[in-house]
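Have a look at the structure below before the remarks.
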Amino acid sequence: MLLGVKEVMSLLGIGRTQAYKYIAELNQELEEKGYLTVKGKVPKKYLEKRFGLGG
């Protein structure tokens, strides 16, 4: 499942600008590992793993 900026904002309790920054950073990490990404969206499981949300 891919999360958009609104879902990231809600899940992390942050603003829009910071959410876009995190999405871009996480997507860059995934691209460096050879994964394909969707601009403006991030896989829910990867976001939860990187932020230690235990999802």
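In the structure tokens, chains take the letters A, B, ... in the order shown, each chain's residues start at 1, and ligands count up from 1 in the order shown.
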
Checklist entry - range 16-33 of chain A: which residues within 9 Å, counting only C-alpha atoms, same-chain residues fewer than 4 positions away excluded, as number ranges by chain? => result A: 4-6, 8-9, 12, 37-43, 46-47, 50

Item to check | Residue list (alpha helix (DSSP H), DSSP) for chain A, as a PyMOL selection string | outcome: chain A and resi 5-12+16-32+44-51

With C-alpha atoms kept, could you save the residues just selected as an mmCIF file, in the first residue's frame?
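As a result, selection.cif now contains:
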```cif
data_model
loop_
_atom_site.group_PDB
_atom_site.id
_atom_site.type_symbol
_atom_site.label_atom_id
_atom_site.label_comp_id
_atom_site.auth_asym_id
_atom_site.auth_seq_id
_atom_site.Cartn_x
_atom_site.Cartn_y
_atom_site.Cartn_z
ATOM 1 C CA VAL A 5 1.338 13.212 1.651
ATOM 2 C CA LYS A 6 -1.916 13.485 3.634
ATOM 3 C CA GLU A 7 -1.520 9.986 5.073
ATOM 4 C CA VAL A 8 2.128 10.635 5.973
ATOM 5 C CA MET A 9 1.161 13.928 7.632
ATOM 6 C CA SER A 10 -1.504 12.176 9.698
ATOM 7 C CA LEU A 11 0.580 9.142 10.603
ATOM 8 C CA LEU A 12 3.621 11.158 11.725
ATOM 9 C CA ARG A 16 2.994 19.079 4.474
ATOM 10 C CA THR A 17 6.513 20.340 3.709
ATOM 11 C CA GLN A 18 8.157 17.909 6.113
ATOM 12 C CA ALA A 19 6.006 15.041 4.818
ATOM 13 C CA TYR A 20 7.121 15.699 1.230
ATOM 14 C CA LYS A 21 10.731 15.847 2.411
ATOM 15 C CA TYR A 22 10.460 12.455 4.128
ATOM 16 C CA ILE A 23 8.677 10.895 1.139
ATOM 17 C CA ALA A 24 11.432 12.095 -1.204
ATOM 18 C CA GLU A 25 14.165 10.868 1.144
ATOM 19 C CA LEU A 26 12.608 7.438 1.592
ATOM 20 C CA ASN A 27 12.011 7.075 -2.142
ATOM 21 C CA GLN A 28 15.652 7.949 -2.831
ATOM 22 C CA GLU A 29 16.739 5.231 -0.393
ATOM 23 C CA LEU A 30 14.495 2.732 -2.190
ATOM 24 C CA GLU A 31 15.801 3.764 -5.624
ATOM 25 C CA GLU A 32 19.388 3.284 -4.431
ATOM 26 C CA LYS A 44 3.524 2.134 4.090
ATOM 27 C CA LYS A 45 5.618 -0.781 5.370
ATOM 28 C CA TYR A 46 8.890 0.959 4.494
ATOM 29 C CA LEU A 47 7.846 4.202 6.190
ATOM 30 C CA GLU A 48 6.762 2.301 9.306
ATOM 31 C CA LYS A 49 10.041 0.366 9.354
ATOM 32 C CA ARG A 50 12.229 3.486 8.983
ATOM 33 C CA PHE A 51 10.320 5.398 11.658
#
```

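Within chain A, residues classed as strand (DSSP E or B) by DSSP on backbone coordinates are Leu2, Leu3, Val42 and Pro43 of chain A.
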